[in-house]
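Visitor: Provided herewith is a single structure, encoded as structure tokens, for subsequent inquiry.
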Amino acid sequence: MITLSGTIIALIAATLAYLIGSLSTAVIVCKMMGLGDPRDSGSGNPGATNVLRMGGKFPAGLTLLGDALKGFLPVVITWLLVKHPPTVALVALASFLGHLYPVFFDFRGGKGVATALGALLGVSASSGLLALLAWLACSLTFRVSSLAALITFALIPVFLAITGETVYSVAFIVIGALVFYSHRENIKRILAGTEPKIGEKKKT
């Protein structure tokens with residue numbers, strides 16, 4: 001049963017998660033390390049893959065970790081405080097939306113893969129582990145980060161069904177749809193055979 005106090009708590013939690021998600025790790029790391037703005041360099045995406053091309057493994061690793069924690073921590077903290085799966089699902093979606101459309105960075109965000117996977121690990125460690133294994137297997141097989149992400153997010157509802165965490169399925173179906181939308185240019189390049197492999201610079 002939905003109560004007024006429960007609704008208020010859910011809205012507050014989602015708002016805080018969105019604000020946390022709005023902290024663009026890639027922009028912060030790149031500016032601290034003198035690499036420039038990732039939104040204006042390389043692929044223009046403020047994510048770990050573009051930072052890898054711009055500055056190498058260390059700043060890319062920091063970006064990946066920060067983006068994942070933006071999804072993981074709000075979800076885990078919300079669960080510890082309220083233990084209400086619909087609220088946790090809303091928080092997962094809100095942190096992801098913060099990354100895509102960050103209020104602190106002119107709403108120019110990344111594609112949300114690491115943040116969404118971090119949130120998934122928070123709501124279901126087993127489903128998150130399956131998703132990470134799927135992403136790793138696809139990355140090693142195809143060497144194309146965007147393709148690995150797309151395959152992984154298509155499989156996440158299946159992983160949630162396998163682990164019995166279907167209460168989060170709707171949230172991650174929405175997240176998956178937005179991941180596909182944010183990768184629309186990548187999909188065109190994949191179909192054209194021009195999508196760069198991991199570690200390569202974007203083809204012109």
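Letters A, B, ... mark the chains of the structure tokens in the order given; residue numbers begin at 1 per chain; ligand numbers begin at 1, in order shown.
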With only C-alpha atoms as the counted atoms, please give the residues lying no more than 12 Å from Ala125 in chain A, apart from itself and same-chain residues fewer than 5 positions off, as a list of chain:residue names.

Guide: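 With the cut-off at 12 Å, the set is A:Phe72, A:Val75, A:Val76, A:Leu117, A:Gly118, A:Ala119, A:Leu120, A:Leu130, A:Ala131, A:Leu132, A:Phe159, A:Leu160, A:Thr163, A:Gly164, A:Glu165.
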
Visitor: Go ahead and write the residues just picked, C-alpha atoms, as a PDB file, in the first residue's frame.

Guide:
ATOM      1  CA  PHE A  72      25.565   1.618  -6.561  1.00  0.00           C
ATOM      2  CA  VAL A  75      20.599   2.147  -4.284  1.00  0.00           C
ATOM      3  CA  VAL A  76      22.345   0.408  -1.382  1.00  0.00           C
ATOM      4  CA  LEU A 117      25.507  -1.557 -13.945  1.00  0.00           C
ATOM      5  CA  GLY A 118      26.449  -0.110 -10.569  1.00  0.00           C
ATOM      6  CA  ALA A 119      22.772   0.322  -9.743  1.00  0.00           C
ATOM      7  CA  LEU A 120      22.080  -3.244 -10.879  1.00  0.00           C
ATOM      8  CA  LEU A 130      25.845 -12.015 -14.592  1.00  0.00           C
ATOM      9  CA  ALA A 131      25.651  -8.685 -16.436  1.00  0.00           C
ATOM     10  CA  LEU A 132      29.334  -7.945 -15.795  1.00  0.00           C
ATOM     11  CA  PHE A 159      19.135 -12.136 -15.587  1.00  0.00           C
ATOM     12  CA  LEU A 160      16.615 -10.555 -13.199  1.00  0.00           C
ATOM     13  CA  THR A 163      17.672 -14.593 -10.049  1.00  0.00           C
ATOM     14  CA  GLY A 164      14.065 -13.966  -9.004  1.00  0.00           C
ATOM     15  CA  GLU A 165      14.437 -10.174  -8.817  1.00  0.00           C
TER      16      GLU A 165
END

Visitor: Env of Gly44 in chain A: 10 Å cut, atoms = only C-alpha atoms, seq-sep filter 5 positions within chain, self excluded. Answer as a PyMOL selection string.

Guide: chain A and resi 37-39+50-51+108-110

Visitor: Name the residues in contact with Leu23 in chain A at a cut-off of 9 Å, using only C-alpha atoms, excluding same-chain residues fewer than 6 positions from it; report them as a list of chain:residue names.

Guide: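 Once the nearby chain positions are removed, what remains is A:Asp67, A:Lys70, A:Gly98, A:His99, A:Pro102, A:Val103, A:Phe104, A:Phe105.
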
Visitor: Would you list the contacts of Leu93 in chain A as a ChimeraX atom specification, taking every protein, DNA or RNA residue within 12 Å and counting only C-alpha atoms, but skipping same-chain residues closer than 4 positions in sequence?

Guide: /A:10,13-18,21,70-72,74-75,86-89,97-100,112,115-120,123,168-179

Visitor: With distances taken over only C-alpha atoms, which residue among A:Trp135, A:Phe107, A:Tyr181, A:Phe58 lies nearest Thr152 in chain A?

Guide: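 Going through A:Trp135, A:Phe107, A:Tyr181, A:Phe58 one by one, the smallest distance to Thr152 in chain A is for A:Trp135.
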
Visitor: A:Ala48, A:Val167, A:Leu147, A:Ile187: which is nearest Leu90 in chain A, counting only C-alpha atoms?

Guide: A:Val167

Visitor: Which value, in Å to one decimal, gives the distance between CA of Gly47 in chain A and CA of Leu35 in chain A?

Guide: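 CA of Leu35 in chain A lies 13.4 Å from CA of Gly47 in chain A.
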
Visitor: I need the residue nearest Ser95 in chain A from this list: A:Leu52, A:Leu81, A:Val113, A:Ala161. Use only C-alpha atoms for the distance.

Guide: A:Val113

Visitor: Name the residues in contact with range 41-43 of chain A at a cut-off of 12 Å, using only C-alpha atoms, excluding same-chain residues fewer than 3 positions from it; report them as a PDB file with N, CA and C atoms, in the first residue's frame.

Guide:
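File part-v7.pdb, as written:
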ATOM      1  N   ALA A  26      33.568  11.848 -15.462  1.00  0.00           N
ATOM      2  CA  ALA A  26      34.514  12.026 -16.569  1.00  0.00           C
ATOM      3  C   ALA A  26      34.986  13.475 -16.652  1.00  0.00           C
ATOM      4  N   VAL A  27      34.047  14.404 -16.553  1.00  0.00           N
ATOM      5  CA  VAL A  27      34.411  15.822 -16.635  1.00  0.00           C
ATOM      6  C   VAL A  27      35.296  16.211 -15.456  1.00  0.00           C
ATOM      7  N   CYS A  30      38.818  14.490 -15.805  1.00  0.00           N
ATOM      8  CA  CYS A  30      39.599  15.074 -16.905  1.00  0.00           C
ATOM      9  C   CYS A  30      40.083  16.478 -16.573  1.00  0.00           C
ATOM     10  N   LEU A  35      43.148  17.147 -18.839  1.00  0.00           N
ATOM     11  CA  LEU A  35      42.879  16.478 -20.118  1.00  0.00           C
ATOM     12  C   LEU A  35      41.831  17.204 -20.954  1.00  0.00           C
ATOM     13  N   GLY A  36      41.275  18.275 -20.434  1.00  0.00           N
ATOM     14  CA  GLY A  36      40.230  18.976 -21.160  1.00  0.00           C
ATOM     15  C   GLY A  36      38.854  18.399 -20.864  1.00  0.00           C
ATOM     16  N   ASP A  37      37.873  18.873 -21.570  1.00  0.00           N
ATOM     17  CA  ASP A  37      36.493  18.443 -21.379  1.00  0.00           C
ATOM     18  C   ASP A  37      36.196  17.285 -22.319  1.00  0.00           C
ATOM     19  N   PRO A  38      35.857  16.100 -21.790  1.00  0.00           N
ATOM     20  CA  PRO A  38      35.597  14.945 -22.655  1.00  0.00           C
ATOM     21  C   PRO A  38      34.390  15.131 -23.563  1.00  0.00           C
ATOM     22  N   PRO A  46      31.107  11.834 -22.224  1.00  0.00           N
ATOM     23  CA  PRO A  46      31.786  11.854 -20.938  1.00  0.00           C
ATOM     24  C   PRO A  46      31.666  10.510 -20.217  1.00  0.00           C
ATOM     25  N   GLY A  47      32.384   9.539 -20.738  1.00  0.00           N
ATOM     26  CA  GLY A  47      32.378   8.204 -20.160  1.00  0.00           C
ATOM     27  C   GLY A  47      33.771   7.617 -20.169  1.00  0.00           C
ATOM     28  N   ALA A  48      33.908   6.440 -19.561  1.00  0.00           N
ATOM     29  CA  ALA A  48      35.228   5.839 -19.377  1.00  0.00           C
ATOM     30  C   ALA A  48      35.904   5.502 -20.701  1.00  0.00           C
ATOM     31  N   THR A  49      35.140   5.065 -21.704  1.00  0.00           N
ATOM     32  CA  THR A  49      35.748   4.691 -22.984  1.00  0.00           C
ATOM     33  C   THR A  49      36.408   5.888 -23.655  1.00  0.00           C
ATOM     34  N   ASN A  50      35.731   7.023 -23.642  1.00  0.00           N
ATOM     35  CA  ASN A  50      36.312   8.231 -24.243  1.00  0.00           C
ATOM     36  C   ASN A  50      37.492   8.734 -23.424  1.00  0.00           C
ATOM     37  N   VAL A  51      37.397   8.662 -22.107  1.00  0.00           N
ATOM     38  CA  VAL A  51      38.505   9.086 -21.256  1.00  0.00           C
ATOM     39  C   VAL A  51      39.717   8.185 -21.488  1.00  0.00           C
ATOM     40  N   LEU A  52      39.482   6.896 -21.743  1.00  0.00           N
ATOM     41  CA  LEU A  52      40.577   5.979 -22.062  1.00  0.00           C
ATOM     42  C   LEU A  52      41.326   6.444 -23.301  1.00  0.00           C
ATOM     43  N   ARG A  53      40.584   6.883 -24.302  1.00  0.00           N
ATOM     44  CA  ARG A  53      41.215   7.375 -25.532  1.00  0.00           C
ATOM     45  C   ARG A  53      41.956   8.690 -25.277  1.00  0.00           C
ATOM     46  N   MET A  54      41.408   9.507 -24.380  1.00  0.00           N
ATOM     47  CA  MET A  54      42.004  10.821 -24.126  1.00  0.00           C
ATOM     48  C   MET A  54      43.228  10.756 -23.230  1.00  0.00           C
ATOM     49  N   GLY A  55      43.165   9.951 -22.174  1.00  0.00           N
ATOM     50  CA  GLY A  55      44.221  10.014 -21.171  1.00  0.00           C
ATOM     51  C   GLY A  55      44.798   8.700 -20.702  1.00  0.00           C
ATOM     52  N   GLY A 110      26.674  11.355 -20.092  1.00  0.00           N
ATOM     53  CA  GLY A 110      27.173  10.183 -20.787  1.00  0.00           C
ATOM     54  C   GLY A 110      26.055   9.229 -21.161  1.00  0.00           C
ATOM     55  N   LYS A 111      26.435   8.005 -21.441  1.00  0.00           N
ATOM     56  CA  LYS A 111      25.461   7.019 -21.918  1.00  0.00           C
ATOM     57  C   LYS A 111      24.964   6.090 -20.818  1.00  0.00           C
ATOM     58  N   HIS A 183      22.766   5.186 -27.433  1.00  0.00           N
ATOM     59  CA  HIS A 183      23.758   4.581 -28.318  1.00  0.00           C
ATOM     60  C   HIS A 183      23.303   4.573 -29.781  1.00  0.00           C
ATOM     61  N   GLU A 185      23.761   6.546 -32.294  1.00  0.00           N
ATOM     62  CA  GLU A 185      24.821   6.812 -33.270  1.00  0.00           C
ATOM     63  C   GLU A 185      25.795   5.640 -33.322  1.00  0.00           C
ATOM     64  N   ASN A 186      26.059   5.034 -32.165  1.00  0.00           N
ATOM     65  CA  ASN A 186      26.933   3.860 -32.146  1.00  0.00           C
ATOM     66  C   ASN A 186      26.327   2.716 -32.947  1.00  0.00           C
ATOM     67  N   GLU A 195      32.439   1.442 -36.223  1.00  0.00           N
ATOM     68  CA  GLU A 195      32.555   1.682 -34.783  1.00  0.00           C
ATOM     69  C   GLU A 195      33.945   1.279 -34.310  1.00  0.00           C
ATOM     70  N   PRO A 196      34.667   2.188 -33.614  1.00  0.00           N
ATOM     71  CA  PRO A 196      36.036   1.861 -33.186  1.00  0.00           C
ATOM     72  C   PRO A 196      36.057   0.764 -32.133  1.00  0.00           C
ATOM     73  N   GLY A 199      40.039   0.961 -27.187  1.00  0.00           N
ATOM     74  CA  GLY A 199      41.402   1.467 -27.232  1.00  0.00           C
ATOM     75  C   GLY A 199      41.731   2.228 -28.496  1.00  0.00           C
ATOM     76  N   GLU A 200      40.891   2.107 -29.542  1.00  0.00           N
ATOM     77  CA  GLU A 200      41.138   2.836 -30.780  1.00  0.00           C
ATOM     78  C   GLU A 200      40.482   4.212 -30.726  1.00  0.00           C
ATOM     79  N   LYS A 201      40.992   5.134 -31.517  1.00  0.00           N
ATOM     80  CA  LYS A 201      40.360   6.425 -31.651  1.00  0.00           C
ATOM     81  C   LYS A 201      39.183   6.324 -32.605  1.00  0.00           C
ATOM     82  N   LYS A 202      38.201   7.197 -32.403  1.00  0.00           N
ATOM     83  CA  LYS A 202      37.023   7.197 -33.257  1.00  0.00           C
ATOM     84  C   LYS A 202      37.402   7.492 -34.701  1.00  0.00           C
ATOM     85  N   LYS A 203      36.835   6.686 -35.617  1.00  0.00           N
ATOM     86  CA  LYS A 203      37.106   6.890 -37.040  1.00  0.00           C
ATOM     87  C   LYS A 203      36.327   8.084 -37.546  1.00  0.00           C
ATOM     88  N   THR A 204      36.914   8.808 -38.479  1.00  0.00           N
ATOM     89  CA  THR A 204      36.231   9.955 -39.067  1.00  0.00           C
ATOM     90  C   THR A 204      35.715   9.603 -40.430  1.00  0.00           C
TER      91      THR A 204
END

Visitor: What parts of range 24-81 of chain A does DSSP call helix (DSSP H, G or I)? I'd like the answer as a ChimeraX atom specification.

Guide: /A:25-32,38-40,48-55,57-81

Visitor: With N, CA and C atoms retained, could you export that selection as a compact mmCIF listing (two decimals), in the first residue's frame?

Guide:
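Output (part_29.txt):
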# COMPACT_ATOMS: atom_id res chain seq x y z
N THR A 25 31.57 12.26 -13.52
CA THR A 25 32.90 11.81 -13.12
C THR A 25 33.93 12.09 -14.20
N ALA A 26 33.57 11.85 -15.46
CA ALA A 26 34.51 12.03 -16.57
C ALA A 26 34.99 13.47 -16.65
N VAL A 27 34.05 14.40 -16.55
CA VAL A 27 34.41 15.82 -16.63
C VAL A 27 35.30 16.21 -15.46
N ILE A 28 34.92 15.77 -14.27
CA ILE A 28 35.69 16.11 -13.06
C ILE A 28 37.10 15.53 -13.14
N VAL A 29 37.23 14.25 -13.50
CA VAL A 29 38.54 13.60 -13.57
C VAL A 29 39.40 14.25 -14.64
N CYS A 30 38.82 14.49 -15.81
CA CYS A 30 39.60 15.07 -16.91
C CYS A 30 40.08 16.48 -16.57
N LYS A 31 39.24 17.28 -15.94
CA LYS A 31 39.66 18.64 -15.59
C LYS A 31 40.74 18.62 -14.51
N MET A 32 40.62 17.70 -13.55
CA MET A 32 41.63 17.59 -12.50
C MET A 32 42.98 17.14 -13.04
N PRO A 38 35.86 16.10 -21.79
CA PRO A 38 35.60 14.94 -22.66
C PRO A 38 34.39 15.13 -23.56
N ARG A 39 33.53 16.09 -23.23
CA ARG A 39 32.37 16.35 -24.08
C ARG A 39 32.75 17.08 -25.35
N ASP A 40 33.97 17.63 -25.36
CA ASP A 40 34.45 18.37 -26.53
C ASP A 40 35.65 17.70 -27.18
N ALA A 48 33.91 6.44 -19.56
CA ALA A 48 35.23 5.84 -19.38
C ALA A 48 35.90 5.50 -20.70
N THR A 49 35.14 5.07 -21.70
CA THR A 49 35.75 4.69 -22.98
C THR A 49 36.41 5.89 -23.65
N ASN A 50 35.73 7.02 -23.64
CA ASN A 50 36.31 8.23 -24.24
C ASN A 50 37.49 8.73 -23.42
N VAL A 51 37.40 8.66 -22.11
CA VAL A 51 38.50 9.09 -21.26
C VAL A 51 39.72 8.19 -21.49
N LEU A 52 39.48 6.90 -21.74
CA LEU A 52 40.58 5.98 -22.06
C LEU A 52 41.33 6.44 -23.30
N ARG A 53 40.58 6.88 -24.30
CA ARG A 53 41.22 7.37 -25.53
C ARG A 53 41.96 8.69 -25.28
N MET A 54 41.41 9.51 -24.38
CA MET A 54 42.00 10.82 -24.13
C MET A 54 43.23 10.76 -23.23
N GLY A 55 43.17 9.95 -22.17
CA GLY A 55 44.22 10.01 -21.17
C GLY A 55 44.80 8.70 -20.70
N LYS A 57 44.63 4.54 -19.16
CA LYS A 57 43.91 3.63 -18.28
C LYS A 57 43.59 4.22 -16.91
N PHE A 58 44.50 4.99 -16.34
CA PHE A 58 44.28 5.47 -14.96
C PHE A 58 43.07 6.41 -14.88
N PRO A 59 43.01 7.49 -15.65
CA PRO A 59 41.82 8.34 -15.58
C PRO A 59 40.56 7.61 -16.02
N ALA A 60 40.69 6.68 -16.96
CA ALA A 60 39.52 5.91 -17.38
C ALA A 60 39.02 5.02 -16.25
N GLY A 61 39.97 4.43 -15.50
CA GLY A 61 39.58 3.60 -14.35
C GLY A 61 38.89 4.41 -13.27
N LEU A 62 39.40 5.61 -13.00
CA LEU A 62 38.75 6.48 -12.02
C LEU A 62 37.34 6.85 -12.47
N THR A 63 37.19 7.13 -13.76
CA THR A 63 35.88 7.49 -14.31
C THR A 63 34.92 6.32 -14.19
N LEU A 64 35.39 5.14 -14.55
CA LEU A 64 34.54 3.96 -14.46
C LEU A 64 34.10 3.70 -13.04
N LEU A 65 35.02 3.79 -12.10
CA LEU A 65 34.70 3.56 -10.69
C LEU A 65 33.70 4.59 -10.18
N GLY A 66 33.96 5.87 -10.48
CA GLY A 66 33.05 6.92 -10.03
C GLY A 66 31.66 6.78 -10.61
N ASP A 67 31.58 6.47 -11.89
CA ASP A 67 30.27 6.31 -12.52
C ASP A 67 29.51 5.13 -11.92
N ALA A 68 30.21 4.03 -11.66
CA ALA A 68 29.55 2.86 -11.08
C ALA A 68 29.06 3.15 -9.66
N LEU A 69 29.87 3.86 -8.89
CA LEU A 69 29.48 4.18 -7.51
C LEU A 69 28.27 5.11 -7.47
N LYS A 70 28.11 5.97 -8.48
CA LYS A 70 26.95 6.86 -8.54
C LYS A 70 25.65 6.06 -8.62
N GLY A 71 25.70 4.89 -9.23
CA GLY A 71 24.52 4.04 -9.28
C GLY A 71 24.41 3.13 -8.08
N PHE A 72 25.55 2.62 -7.63
CA PHE A 72 25.56 1.62 -6.56
C PHE A 72 25.20 2.20 -5.20
N LEU A 73 25.86 3.28 -4.81
CA LEU A 73 25.69 3.80 -3.45
C LEU A 73 24.27 4.30 -3.16
N PRO A 74 23.63 5.09 -4.03
CA PRO A 74 22.26 5.51 -3.72
C PRO A 74 21.30 4.34 -3.55
N VAL A 75 21.47 3.32 -4.36
CA VAL A 75 20.60 2.15 -4.28
C VAL A 75 20.80 1.40 -2.97
N VAL A 76 22.05 1.16 -2.61
CA VAL A 76 22.35 0.41 -1.38
C VAL A 76 21.90 1.19 -0.15
N ILE A 77 22.19 2.49 -0.13
CA ILE A 77 21.79 3.31 1.02
C ILE A 77 20.27 3.35 1.16
N THR A 78 19.57 3.49 0.04
CA THR A 78 18.10 3.50 0.07
C THR A 78 17.57 2.18 0.60
N TRP A 79 18.16 1.07 0.16
CA TRP A 79 17.70 -0.23 0.63
C TRP A 79 17.93 -0.39 2.13
N LEU A 80 19.07 0.06 2.61
CA LEU A 80 19.37 -0.05 4.04
C LEU A 80 18.42 0.79 4.87
N LEU A 81 17.97 1.93 4.31
CA LEU A 81 17.12 2.84 5.08
C LEU A 81 15.64 2.48 5.02

Visitor: So how far away is CA of Pro157 in chain A from CA of His84 in chain A, in Å?

Guide: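 Atom-to-atom, CA of His84 in chain A to CA of Pro157 in chain A, that is 19.7 Å.
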
Visitor: In Å, with one decimal, what is the gap from CA of Ala94 in chain A to CA of Ala148 in chain A?

Guide: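 Going from CA of Ala94 in chain A over to CA of Ala148 in chain A, I get 23.3 Å.
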
Visitor: Under the rule that only C-alpha atoms are counted, which of A:Met33, A:Ala154, A:Val82, A:Ala192 is the nearest residue to Gly6 in chain A?

Guide: A:Val82
